[in-house]
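Chemist: So I've got this file, protein.cif, and it contains mmCIF, C-alpha atoms:
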data_query
loop_
_atom_site.group_PDB
_atom_site.id
_atom_site.type_symbol
_atom_site.label_atom_id
_atom_site.label_comp_id
_atom_site.auth_asym_id
_atom_site.auth_seq_id
_atom_site.Cartn_x
_atom_site.Cartn_y
_atom_site.Cartn_z
ATOM 1 C CA VAL A 1 -6.474 -4.829 -13.819
ATOM 2 C CA GLN A 2 -6.360 -1.078 -13.242
ATOM 3 C CA LEU A 3 -5.455 0.400 -9.877
ATOM 4 C CA GLN A 4 -6.390 3.867 -8.699
ATOM 5 C CA ALA A 5 -4.703 5.057 -5.526
ATOM 6 C CA SER A 6 -5.478 8.120 -3.459
ATOM 7 C CA GLY A 7 -4.722 9.655 -0.104
ATOM 8 C CA GLY A 8 -1.085 10.684 -0.232
ATOM 9 C CA GLY A 9 0.115 14.071 0.894
ATOM 10 C CA LEU A 10 2.255 16.083 3.266
ATOM 11 C CA VAL A 11 2.038 15.534 7.014
ATOM 12 C CA GLN A 12 4.115 16.375 10.045
ATOM 13 C CA ALA A 13 5.945 13.702 11.971
ATOM 14 C CA GLY A 14 3.582 11.943 14.332
ATOM 15 C CA GLY A 15 0.620 12.551 12.070
ATOM 16 C CA SER A 16 -1.595 10.159 10.148
ATOM 17 C CA LEU A 17 -2.591 9.488 6.559
ATOM 18 C CA ARG A 18 -4.856 6.928 4.946
ATOM 19 C CA LEU A 19 -4.135 5.512 1.525
ATOM 20 C CA SER A 20 -6.834 3.858 -0.537
ATOM 21 C CA CYS A 21 -6.635 1.848 -3.729
ATOM 22 C CA ALA A 22 -9.474 0.607 -5.902
ATOM 23 C CA ALA A 23 -9.060 -2.183 -8.429
ATOM 24 C CA SER A 24 -11.115 -2.341 -11.593
ATOM 25 C CA GLY A 25 -11.165 -4.295 -14.819
ATOM 26 C CA SER A 26 -10.428 -8.007 -14.633
ATOM 27 C CA ILE A 27 -10.802 -8.226 -10.885
ATOM 28 C CA SER A 28 -11.928 -11.806 -10.470
ATOM 29 C CA SER A 29 -9.387 -14.074 -8.777
ATOM 30 C CA ILE A 30 -7.443 -11.236 -7.140
ATOM 31 C CA ASP A 31 -5.388 -12.869 -4.408
ATOM 32 C CA ILE A 32 -2.937 -10.591 -2.631
ATOM 33 C CA MET A 33 -3.430 -6.840 -2.300
ATOM 34 C CA GLY A 34 -0.916 -4.547 -0.734
ATOM 35 C CA TRP A 35 1.318 -1.534 -0.631
ATOM 36 C CA TYR A 36 4.956 -1.020 -1.477
ATOM 37 C CA ARG A 37 7.042 2.122 -1.270
ATOM 38 C CA GLN A 38 10.121 3.560 -2.875
ATOM 39 C CA ALA A 39 12.180 6.336 -1.352
ATOM 40 C CA PRO A 40 14.639 8.373 -3.442
ATOM 41 C CA GLY A 41 17.757 6.362 -4.178
ATOM 42 C CA LYS A 42 16.343 3.194 -2.669
ATOM 43 C CA GLN A 43 14.745 0.040 -3.963
ATOM 44 C CA ARG A 44 11.045 -0.513 -3.815
ATOM 45 C CA GLU A 45 10.114 -2.339 -0.631
ATOM 46 C CA LEU A 46 7.112 -4.093 0.813
ATOM 47 C CA VAL A 47 5.089 -2.105 3.315
ATOM 48 C CA ALA A 48 2.119 -4.373 3.948
ATOM 49 C CA VAL A 49 0.113 -7.015 2.132
ATOM 50 C CA ILE A 50 -3.155 -8.768 2.838
ATOM 51 C CA SER A 51 -4.575 -11.969 1.398
ATOM 52 C CA LYS A 52 -8.142 -12.500 0.301
ATOM 53 C CA GLY A 53 -8.709 -14.354 3.556
ATOM 54 C CA GLY A 54 -7.374 -11.482 5.626
ATOM 55 C CA SER A 55 -3.892 -12.697 6.506
ATOM 56 C CA THR A 56 -1.456 -9.804 6.743
ATOM 57 C CA ASN A 57 2.265 -9.239 6.533
ATOM 58 C CA TYR A 58 4.033 -6.020 7.475
ATOM 59 C CA ALA A 59 7.519 -4.650 7.126
ATOM 60 C CA ASP A 60 9.202 -4.550 10.517
ATOM 61 C CA SER A 61 9.620 -0.794 10.196
ATOM 62 C CA VAL A 62 5.855 -0.178 10.125
ATOM 63 C CA LYS A 63 4.562 -2.812 12.525
ATOM 64 C CA GLY A 64 2.389 -1.281 15.206
ATOM 65 C CA ARG A 65 1.973 1.959 13.232
ATOM 66 C CA PHE A 66 0.359 0.941 9.938
ATOM 67 C CA THR A 67 -2.762 -1.133 9.416
ATOM 68 C CA ILE A 68 -3.792 -2.684 6.115
ATOM 69 C CA SER A 69 -7.368 -3.665 5.343
ATOM 70 C CA ARG A 70 -9.365 -4.694 2.302
ATOM 71 C CA ASP A 71 -12.939 -4.903 1.154
ATOM 72 C CA ASN A 72 -13.303 -7.885 -1.148
ATOM 73 C CA ALA A 73 -16.770 -6.843 -2.280
ATOM 74 C CA LYS A 74 -15.501 -3.427 -3.384
ATOM 75 C CA ASN A 75 -12.034 -4.611 -4.457
ATOM 76 C CA THR A 76 -10.345 -1.946 -2.388
ATOM 77 C CA VAL A 77 -7.327 -1.989 -0.136
ATOM 78 C CA ASN A 78 -6.525 0.640 2.445
ATOM 79 C CA LEU A 79 -3.458 1.539 4.456
ATOM 80 C CA GLN A 80 -3.939 3.483 7.668
ATOM 81 C CA MET A 81 -0.637 5.082 8.594
ATOM 82 C CA ASN A 82 -0.236 6.461 12.098
ATOM 83 C CA SER A 83 2.723 7.890 13.990
ATOM 84 C CA LEU A 84 4.382 8.746 10.712
ATOM 85 C CA LYS A 85 8.113 9.358 10.654
ATOM 86 C CA PRO A 86 10.285 11.280 8.175
ATOM 87 C CA GLU A 87 11.743 7.948 7.055
ATOM 88 C CA ASP A 88 8.288 6.956 5.842
ATOM 89 C CA THR A 89 8.629 9.541 3.087
ATOM 90 C CA ALA A 90 8.340 7.749 -0.242
ATOM 91 C CA VAL A 91 6.162 7.094 -3.228
ATOM 92 C CA TYR A 92 3.650 4.455 -2.215
ATOM 93 C CA TYR A 93 2.448 1.955 -4.788
ATOM 94 C CA CYS A 94 -0.664 -0.144 -4.672
ATOM 95 C CA ASN A 95 -0.116 -3.734 -5.807
ATOM 96 C CA VAL A 96 -2.399 -6.655 -6.491
ATOM 97 C CA ARG A 97 -1.632 -10.168 -7.563
ATOM 98 C CA ARG A 98 -4.023 -11.999 -9.843
ATOM 99 C CA LEU A 99 -3.328 -15.407 -11.323
ATOM 100 C CA LEU A 100 0.376 -15.092 -10.447
ATOM 101 C CA THR A 101 0.662 -11.700 -12.204
ATOM 102 C CA ASN A 102 1.472 -8.505 -10.320
ATOM 103 C CA TYR A 103 -0.256 -5.246 -11.179
ATOM 104 C CA TRP A 104 0.915 -1.828 -10.007
ATOM 105 C CA GLY A 105 -0.776 1.490 -9.495
ATOM 106 C CA ARG A 106 0.890 4.738 -10.515
ATOM 107 C CA GLY A 107 2.049 5.664 -7.043
ATOM 108 C CA THR A 108 1.116 8.358 -4.580
ATOM 109 C CA GLN A 109 3.586 10.593 -2.779
ATOM 110 C CA VAL A 110 3.748 10.579 1.013
ATOM 111 C CA THR A 111 5.962 13.208 2.585
ATOM 112 C CA VAL A 112 6.547 13.402 6.332
ATOM 113 C CA SER A 113 8.203 16.541 7.616
ATOM 114 C CA SER A 114 10.236 16.612 10.814
#
As structure tokens, please, write out the structure in this file.
Modeler:
Amino acid sequence: VQLQASGGGLVQAGGSLRLSCAASGSISSIDIMGWYRQAPGKQRELVAVISKGGSTNYADSVKGRFTISRDNAKNTVNLQMNSLKPEDTAVYYCNVRRLLTNYWGRGTQVTVSS
């Protein structure tokens, strides 16, 4: 499975960004799709995940501000990020789980200035 993410960038606090990730290759039986992030000096953490059936799980820090969605036909997962805060600054990684194996994208930088 190959993952291609896009949509990162620099935005002011209070602004919005949309991340997108497309899966290709052996894409049958993809179960969970989601986003993680890693800030400098910190561990990688879950941001939001979504199951094939549409069930979602969000980190408490992003609830009410971020929305995850997926298109099963296109094998894409998106993360709409609103009301961004400087503490959201991190490298964001797309992740999918297929047959109990996790696959990671290369990461896209999101920087929120105060």
Chemist: Need the shell around Gln4 of chain A: protein/DNA/RNA residues with any atom at most 8 Å away, counting only C-alpha atoms. Skip same-chain ones fewer than 6 positions apart. Format as an NGL selection string?
Modeler: :A and (21-23 or 105-106)
Chemist: Show me the residues around (-7.8, -1.4, 2.2) - criterion: an atom at most 8 Å away, all atoms listed in the file counted - as a VMD selection string.
Modeler: chain A and resid 19 to 21 68 to 71 76 to 79
Chemist: Provide the atom CA of Ile27 of chain A to atom CA of Gln2 of chain A distance in Å, to one decimal place.
Modeler: 8.7 Å
Chemist: Between atom CA of Ala48 of chain A and atom CA of Met33 of chain A, what is the distance in Å, rounded to a tenth?
Modeler: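 About the pair atom CA of Ala48 of chain A and atom CA of Met33 of chain A: they are 8.7 Å apart.
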Chemist: Extract, using only C-alpha atoms, all DNA, RNA and protein residues at most 6 Å from segment 89-101 of chain A, discarding same-chain residues fewer than 3 positions from it, and format them as a PyMOL selection string.
Modeler: chain A and resi 29-39+86+104-105+107-112
Chemist: With distances taken over only C-alpha atoms, which residue among A:Asp88, A:Ala73, A:Glu45, A:Asn102 lies nearest Val11 of chain A?
Modeler: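 Among the listed residues, A:Asp88 lies closest to Val11 of chain A.
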Chemist: Using all atoms listed in the file, which residue out of A:Gln12, A:Gly25, A:Gly41, A:Thr67 lies closest to Ser55 of chain A?
Modeler: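 Closest candidate: A:Thr67.
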Chemist: Given all atoms listed in the file as the basis, pick out the residue of A:Lys42, A:Lys52, A:Leu84, A:Leu3 nearest to Phe66 of chain A.
Modeler: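 Checking each candidate against Phe66 of chain A, we get A:Leu84 as the closest.
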Chemist: May I ask which of the residues A:Ser51, A:Asn82, A:Ser114, A:Asn75 is the closest one to Lys63 of chain A, counting all atoms listed in the file?
Modeler: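 Once distances to Lys63 of chain A are computed over all atoms listed in the file, the minimum belongs to A:Asn82.
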Chemist: Which one is closest to Val49 of chain A: A:Gly15, A:Val62, A:Lys85, A:Val1? Count all atoms listed in the file.
Modeler: A:Val62
